[in-house]
file start-v3.tsv (TSV, C-alpha atoms)
chain	number	residue	atom	x	y	z
A	1	MET	CA	61.23	343.50	202.40
A	2	GLN	CA	57.95	344.62	200.91
A	3	ARG	CA	54.56	345.45	202.29
A	4	SER	CA	51.75	343.08	201.35
A	5	SER	CA	49.82	346.03	199.90
A	6	ASP	CA	52.70	346.50	197.44
A	7	ILE	CA	52.82	342.83	196.44
A	8	ILE	CA	49.06	342.60	195.92
A	9	GLY	CA	48.34	343.97	192.48
A	10	TYR	CA	51.55	342.67	190.89
A	11	SER	CA	51.02	340.83	187.63
A	12	LEU	CA	52.33	337.32	186.96
A	13	ARG	CA	53.77	336.22	183.63
A	14	ALA	CA	54.25	332.63	182.50
A	15	LYS	CA	56.87	331.60	179.95
A	16	ASP	CA	54.41	332.29	177.14
A	17	GLY	CA	52.02	334.94	178.36
A	18	ALA	CA	50.26	336.84	181.13
A	19	ILE	CA	48.60	334.81	183.90
A	20	GLY	CA	46.79	337.51	185.86
A	21	SER	CA	47.39	339.55	189.00
A	22	ILE	CA	47.85	338.81	192.70
A	23	THR	CA	44.69	339.62	194.64
A	24	ASP	CA	45.51	338.08	198.02
A	25	ILE	CA	48.16	336.27	200.06
A	26	LEU	CA	47.51	333.31	202.38
A	27	PHE	CA	49.67	332.73	205.45
A	28	ASP	CA	49.93	330.03	208.12
A	29	ASP	CA	49.01	331.42	211.55
A	30	ARG	CA	51.38	329.05	213.40
A	31	HIS	CA	54.57	330.50	211.95
A	32	PHE	CA	53.34	333.39	209.82
A	33	GLY	CA	54.89	331.82	206.75
A	34	LEU	CA	53.36	332.69	203.40
A	35	ARG	CA	51.84	329.61	201.77
A	36	TRP	CA	50.00	330.83	198.67
A	37	VAL	CA	49.45	333.80	196.43
A	38	VAL	CA	45.94	334.04	195.00
A	39	ILE	CA	45.87	335.04	191.35
A	40	ASP	CA	42.87	336.42	189.52
A	41	THR	CA	43.13	335.18	185.93
A	42	GLY	CA	40.73	337.82	184.61
A	43	THR	CA	39.40	337.15	181.13
A	44	TRP	CA	41.93	334.37	180.49
A	45	LEU	CA	40.13	331.87	182.76
A	46	PRO	CA	36.90	333.66	183.77
A	47	GLY	CA	35.52	332.76	187.19
A	48	ARG	CA	38.64	330.89	188.25
A	49	LYS	CA	41.50	331.74	190.59
A	50	VAL	CA	44.95	330.19	190.56
A	51	LEU	CA	47.02	329.32	193.63
A	52	LEU	CA	50.81	329.25	193.52
A	53	PRO	CA	53.34	328.95	196.35
A	54	PRO	CA	55.23	332.26	196.67
A	55	THR	CA	58.54	330.47	196.13
A	56	ALA	CA	57.35	329.59	192.62
A	57	LEU	CA	57.67	333.28	191.78
A	58	GLY	CA	60.82	334.62	190.18
A	59	THR	CA	62.58	337.91	190.82
A	60	PRO	CA	60.06	340.75	190.39
A	61	ASP	CA	60.44	343.70	188.07
A	62	PRO	CA	59.45	346.81	190.09
A	63	ALA	CA	59.22	348.90	186.93
A	64	THR	CA	56.49	346.73	185.41
A	65	ARG	CA	55.20	345.40	188.76
A	66	GLU	CA	55.45	341.85	187.48
A	67	TYR	CA	56.70	338.48	188.74
A	68	PRO	CA	57.91	335.86	186.26
A	69	VAL	CA	56.78	332.26	186.76
A	70	ASP	CA	58.70	329.32	185.27
A	71	LEU	CA	55.57	327.57	183.97
A	72	THR	CA	53.58	327.65	180.75
A	73	LEU	CA	50.01	328.88	180.44
A	74	SER	CA	48.80	325.38	179.55
A	75	GLU	CA	50.43	323.91	182.67
A	76	ILE	CA	48.70	326.48	184.85
A	77	GLU	CA	45.39	326.05	183.05
A	78	ASP	CA	45.44	322.27	183.57
A	79	ALA	CA	46.36	322.53	187.27
A	80	PRO	CA	43.71	322.27	189.99
A	81	GLY	CA	42.18	325.72	190.49
A	82	LEU	CA	40.23	327.61	193.09
A	83	GLU	CA	36.65	328.43	192.33
A	84	THR	CA	35.80	332.02	193.22
A	85	ASP	CA	35.27	332.62	196.96
A	86	GLN	CA	35.74	328.97	197.88
A	87	PRO	CA	37.99	328.13	200.88
A	88	VAL	CA	41.36	326.47	200.35
A	89	SER	CA	41.15	322.86	201.51
A	90	ARG	CA	44.07	320.58	202.31
A	91	GLN	CA	42.86	318.34	199.49
A	92	LEU	CA	43.23	321.20	197.03
A	93	GLU	CA	46.72	322.00	198.34
A	94	THR	CA	47.73	318.34	197.96
A	95	ASP	CA	46.31	318.21	194.44
A	96	ILE	CA	48.19	321.34	193.35
A	97	TYR	CA	51.54	320.15	194.71
A	98	GLY	CA	50.94	316.71	193.26
A	99	PHE	CA	50.12	318.07	189.82
A	100	TYR	CA	53.32	320.10	189.61
A	101	GLY	CA	55.44	317.34	191.18
A	102	TRP	CA	56.56	319.58	194.05
A	103	HIS	CA	57.01	318.54	197.68
A	104	PRO	CA	54.29	320.11	199.87
A	105	TYR	CA	55.49	322.51	202.53
A	106	TRP	CA	54.17	320.28	205.32
A	107	TYR	CA	56.73	317.60	204.47
A	108	GLY	CA	59.59	319.86	205.47
A	109	GLY	CA	58.21	321.25	208.73
A	110	TYR	CA	57.41	324.88	209.35
A	111	GLY	CA	60.84	326.46	209.85
A	112	TYR	CA	61.68	329.50	207.78
A	113	ALA	CA	63.94	327.44	205.55
A	114	MET	CA	60.79	325.86	204.13
A	115	VAL	CA	58.45	328.84	204.40
A	116	GLY	CA	56.39	329.00	201.24
A	117	GLY	CA	56.95	325.30	200.89
A	118	VAL	CA	57.72	324.54	197.27
A	119	GLN	CA	60.92	322.63	196.71
A	120	PRO	CA	60.92	321.51	193.06
A	121	ALA	CA	61.67	317.82	192.86
A	122	GLY	CA	62.79	317.81	189.24
A	123	LEU	CA	59.52	316.25	188.17
A	124	THR	CA	57.19	317.40	185.41
A	125	PRO	CA	53.62	318.69	185.88
A	126	GLY	CA	51.18	315.84	186.23
A	127	GLN	CA	53.47	313.60	188.28
A	128	THR	CA	52.44	313.04	191.88
A	129	VAL	CA	54.21	312.78	195.20
A	130	ASP	CA	54.13	309.54	197.11
A	131	ARG	CA	50.49	308.58	197.61
A	132	GLN	CA	50.97	307.11	201.05
A	133	GLN	CA	52.70	310.25	202.29
A	134	ALA	CA	49.99	312.42	200.80
A	135	LYS	CA	47.31	310.31	202.44
A	136	LEU	CA	49.08	310.48	205.79
A	137	ALA	CA	49.43	314.25	205.51
A	138	GLN	CA	45.72	314.56	204.77
A	139	GLU	CA	44.75	312.37	207.72
A	140	GLN	CA	47.03	314.23	210.09
A	141	GLN	CA	45.94	317.71	209.03
A	142	LYS	CA	42.45	317.18	207.69
A	143	GLY	CA	40.37	320.28	208.10
A	144	ASP	CA	43.43	322.44	208.67
A	145	GLY	CA	42.16	325.90	209.57
A	146	HIS	CA	45.53	327.60	209.91
A	147	LEU	CA	45.44	329.37	206.54
A	148	HIS	CA	44.37	333.00	206.70
A	149	SER	CA	44.04	335.76	204.16
A	150	VAL	CA	46.05	338.98	204.36
A	151	GLU	CA	43.07	340.85	202.97
A	152	GLU	CA	40.81	339.36	205.63
A	153	VAL	CA	43.11	340.13	208.58
A	154	THR	CA	43.91	343.68	207.48
A	155	GLY	CA	41.77	345.89	209.68
A	156	TYR	CA	41.81	343.62	212.73
A	157	TYR	CA	41.86	345.58	215.99
A	158	VAL	CA	45.01	345.39	218.10
A	159	GLU	CA	44.66	345.05	221.86
A	160	ALA	CA	47.48	345.83	224.29
A	161	THR	CA	47.47	344.44	227.84
A	162	ASP	CA	45.55	347.49	229.10
A	163	ASP	CA	43.63	348.94	226.15
A	164	ASN	CA	43.20	348.94	222.40
A	165	ILE	CA	45.86	350.66	220.34
A	166	GLY	CA	44.75	350.64	216.72
A	167	HIS	CA	44.33	348.24	213.84
A	168	ILE	CA	46.41	346.20	211.39
A	169	GLU	CA	47.05	348.37	208.37
A	170	ASP	CA	49.50	346.18	206.45
A	171	PHE	CA	52.02	343.33	206.61
A	172	VAL	CA	55.78	343.48	206.04
A	173	ILE	CA	56.91	340.49	203.97
A	174	ASP	CA	60.46	339.13	203.94
A	175	GLU	CA	60.77	337.86	200.37
A	176	SER	CA	64.02	336.00	201.09
A	177	SER	CA	62.12	333.54	203.30
A	178	TRP	CA	58.51	334.40	202.43
A	179	ALA	CA	57.65	335.13	206.04
A	180	VAL	CA	55.52	337.83	207.63
A	181	ARG	CA	58.14	339.73	209.62
A	182	TYR	CA	55.98	342.53	210.98
A	183	LEU	CA	52.42	343.72	211.30
A	184	VAL	CA	52.02	347.40	210.46
A	185	ILE	CA	49.83	348.93	213.18
A	186	ASP	CA	48.01	352.22	212.61
A	187	THR	CA	47.45	353.88	216.00
A	188	LYS	CA	45.78	357.00	214.59
A	189	ASN	CA	42.28	355.73	215.34
A	190	TRP	CA	42.84	356.07	219.06
A	191	TRP	CA	45.07	359.13	219.54
A	192	PRO	CA	47.09	361.48	217.34
A	193	GLY	CA	49.42	358.64	216.59
A	194	LYS	CA	51.61	357.00	214.01
A	195	MET	CA	52.46	353.76	212.25
A	196	VAL	CA	54.43	351.21	214.28
A	197	LEU	CA	55.69	347.67	213.65
A	198	ILE	CA	54.97	344.63	215.78
A	199	SER	CA	56.52	341.22	215.13
A	200	PRO	CA	54.13	338.23	215.01
A	201	ASP	CA	56.53	336.62	217.52
A	202	TRP	CA	55.45	339.20	220.09
A	203	LEU	CA	51.75	338.44	219.87
A	204	ARG	CA	49.98	336.99	222.88
A	205	GLY	CA	47.12	335.60	220.85
A	206	ILE	CA	44.69	336.15	218.00
A	207	ALA	CA	40.90	336.01	218.36
A	208	TRP	CA	39.98	335.09	214.79
A	209	THR	CA	36.24	335.13	215.36
A	210	ASP	CA	36.39	338.57	217.01
A	211	GLY	CA	38.87	340.10	214.59
A	212	LYS	CA	41.32	341.06	217.34
A	213	VAL	CA	45.07	340.66	217.82
A	214	HIS	CA	46.47	340.71	221.36
A	215	VAL	CA	49.95	342.07	222.09
A	216	GLY	CA	51.75	341.33	225.37
A	217	VAL	CA	52.79	344.93	226.07
A	218	THR	CA	51.07	348.05	227.36
A	219	ARG	CA	49.44	350.71	225.23
A	220	ASP	CA	52.06	353.28	226.22
A	221	LYS	CA	54.84	350.87	225.26
A	222	VAL	CA	53.46	350.65	221.75
A	223	LYS	CA	52.72	354.37	221.63
A	224	ASP	CA	56.34	355.25	222.43
A	225	SER	CA	57.93	352.68	220.10
A	226	PRO	CA	60.01	353.70	217.04
A	227	GLU	CA	57.80	355.12	214.32
A	228	PHE	CA	57.45	353.35	211.00
A	229	ASP	CA	57.56	355.46	207.84
A	230	PRO	CA	56.00	353.46	204.96
A	231	SER	CA	57.96	355.53	202.43
A	232	THR	CA	61.35	354.36	203.76
A	233	THR	CA	63.21	351.08	203.45
A	234	ILE	CA	63.33	348.81	206.48
A	235	ASP	CA	67.03	348.25	207.12
A	236	ARG	CA	68.82	346.18	209.74
A	237	LYS	CA	69.56	349.27	211.88
A	238	TYR	CA	65.87	350.07	212.13
A	239	GLU	CA	65.02	346.44	212.92
A	240	GLU	CA	67.66	346.41	215.66
A	241	SER	CA	66.12	349.52	217.21
A	242	ILE	CA	62.68	347.89	217.33
A	243	HIS	CA	63.89	344.66	218.91
A	244	ALA	CA	66.05	346.54	221.41
A	245	TYR	CA	63.13	348.78	222.38
A	246	TYR	CA	60.84	345.84	223.12
A	247	GLY	CA	63.63	343.75	224.62
A	248	TYR	CA	63.32	340.81	222.25
A	249	THR	CA	66.13	338.85	220.62
A	250	PRO	CA	66.22	339.57	216.86
A	251	TYR	CA	64.99	336.73	214.63
A	252	TRP	CA	68.31	336.65	212.73
A	253	VAL	CA	70.43	335.93	215.81
A	254	GLY	CA	71.85	332.42	215.53
A	255	TRP	CA	71.56	332.26	211.75
A	256	ALA	CA	74.60	330.80	210.03

call {"tool": "encode", "arguments": {"input": "start-v3.tsv", "output": "structure tokens"}}
result
Amino acid sequence: MQRSSDIIGYSLRAKDGAIGSITDILFDDRHFGLRWVVIDTGTWLPGRKVLLPPTALGTPDPATREYPVDLTLSEIEDAPGLETDQPVSRQLETDIYGFYGWHPYWYGGYGYAMVGGVQPAGLTPGQTVDRQQAKLAQEQQKGDGHLHSVEEVTGYYVEATDDNIGHIEDFVIDESSWAVRYLVIDTKNWWPGKMVLISPDWLRGIAWTDGKVHVGVTRDKVKDSPEFDPSTTIDRKYEESIHAYYGYTPYWVGWA
């Protein structure tokens, strides 16, 4: 697992050259699955940002802070792009998947097996998915407002059932499924506190317009929870302690 603040800033390299660097990550608020990484192309394609599904990224090199991408620069350049500061529309998502010949994530549902969405279909860039299916997907989810930016949500206040407890400092990303596993909560704004982890599954609601996240436990419950040390690796033993403390069934229970 990695924190989103660690992933942002990584460079991406195509088969034949550097693409740019990750500046943001977009997730779906219904299942907290990562849908896109936003790439600033710098001087290569000035004024343009590239969107790629996270599952299009290869195994990263921590030494160089770089992800390989199995595409050429010309393929990426010819793909539909994101103009600076423009929102991501469903039409743009459909166009990107269609250009690369990949099945959109919404065809496979929203379970973790399809988080991130791209399932290469063995097609070449420029080929499109079935037009009728694409049209149906657009009609069913037109104006989809479920995509949110990690950069935007970082800093949201966190409200317990009885009081506020801090703010979102970071996100913990499970790269094996490209899911947001935990929100990193900094409680130091409100008392001499610490960093703690809260699973998105434990949220009671999110007030997007107010910039607030609501957790279904008391302030003291969060205050006394196991501390998170950003300098250490999150292992299964630590995850088990968190779930046991809050009394929730671990997400991995029932996995084959």

call {"tool": "atom_distance", "arguments": {"input": "start-v3.tsv", "atom1": "atom CA of Ala160 of chain A", "atom2": "atom CA of His243 of chain A"}}
result
17.3 Å

call {"tool": "residues_around", "arguments": {"input": "start-v3.tsv", "residues": "segment 25-29 of chain A", "least_positions_apart": "4", "cutoff": "6 Å", "atoms": "all atoms listed in the file", "output": "PyMOL selection string"}}
result
chain A and resi 33-38+146-150

call {"tool": "closest_residue", "arguments": {"input": "start-v3.tsv", "among": "A:Val153, A:Ile206, A:Val217, A:Leu71", "to": "Ile165 of chain A", "atoms": "only C-alpha atoms"}}
result
A:Val217

call {"tool": "closest_residue", "arguments": {"input": "start-v3.tsv", "among": "A:Arg204, A:Leu12, A:Glu240, A:Ile19", "to": "Thr64 of chain A", "atoms": "all atoms listed in the file"}}
result
A:Leu12

call {"tool": "closest_residue", "arguments": {"input": "start-v3.tsv", "among": "A:Ser11, A:Ser21, A:Gln2, A:Thr41", "to": "Asp235 of chain A", "atoms": "all atoms listed in the file"}}
result
A:Gln2

call {"tool": "closest_residue", "arguments": {"input": "start-v3.tsv", "among": "A:Leu45, A:His103, A:Leu57, A:Val172", "to": "Thr233 of chain A", "atoms": "only C-alpha atoms"}}
result
A:Val172
